[in-house]
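Data first, discussion second: the structure below is written as structure tokens.
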Amino acid sequence: MYKRYIGVKFDCCHVYTRVYMNKEETAYEGRCPKCMRTICIKIHKDGVNCRFFSAI
Ligand SMILES: [Zn+2]
């Protein structure tokens, strides 16, 4: 089973926050708490190997 959330570092504002899985369980979706920029990390069927991501 996938983790319900992952930790993401937002390089735009240098903040770290949790990003939660969407209800379809197809991606982690979240937004930067400072500038409200959205990110989406797709979940592959093999799973997400790395627990931490940086928003590009
Ligand atoms: Zn930001």
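Going by the structure tokens order, chains are called A, B, ..., each with residues numbered from 1, while ligands are numbered from 1 in the order shown.
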
For chain A versus ligand 1, which residues have an atom no more than 8 Å away, and what is each residue's nearest atom pair and distance in Å rounded to one decimal, using only C-alpha atoms and all ligand atoms, chain-then-number order, as a Markdown table?
| residue | atom | partner | partner_atom_place_in_ligand_line | distance |
| --- | --- | --- | --- | --- |
| A:Phe10 | CA | ligand 1 | 1 (Zn) | 6.0 |
| A:Asp11 | CA | ligand 1 | 1 (Zn) | 7.0 |
| A:Cys12 | CA | ligand 1 | 1 (Zn) | 4.3 |
| A:Cys13 | CA | ligand 1 | 1 (Zn) | 4.1 |
| A:His14 | CA | ligand 1 | 1 (Zn) | 7.3 |
| A:Val15 | CA | ligand 1 | 1 (Zn) | 7.5 |
| A:Arg31 | CA | ligand 1 | 1 (Zn) | 8.0 |
| A:Cys32 | CA | ligand 1 | 1 (Zn) | 4.8 |
| A:Pro33 | CA | ligand 1 | 1 (Zn) | 6.7 |
| A:Lys34 | CA | ligand 1 | 1 (Zn) | 5.1 |
| A:Cys35 | CA | ligand 1 | 1 (Zn) | 4.2 |
| A:Met36 | CA | ligand 1 | 1 (Zn) | 6.2 |
| A:Arg37 | CA | ligand 1 | 1 (Zn) | 5.8 |

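The gap separating atom CA of Lys42 of chain A from atom CA of Thr26 of chain A is 6.0 Å, in Å to one decimal.
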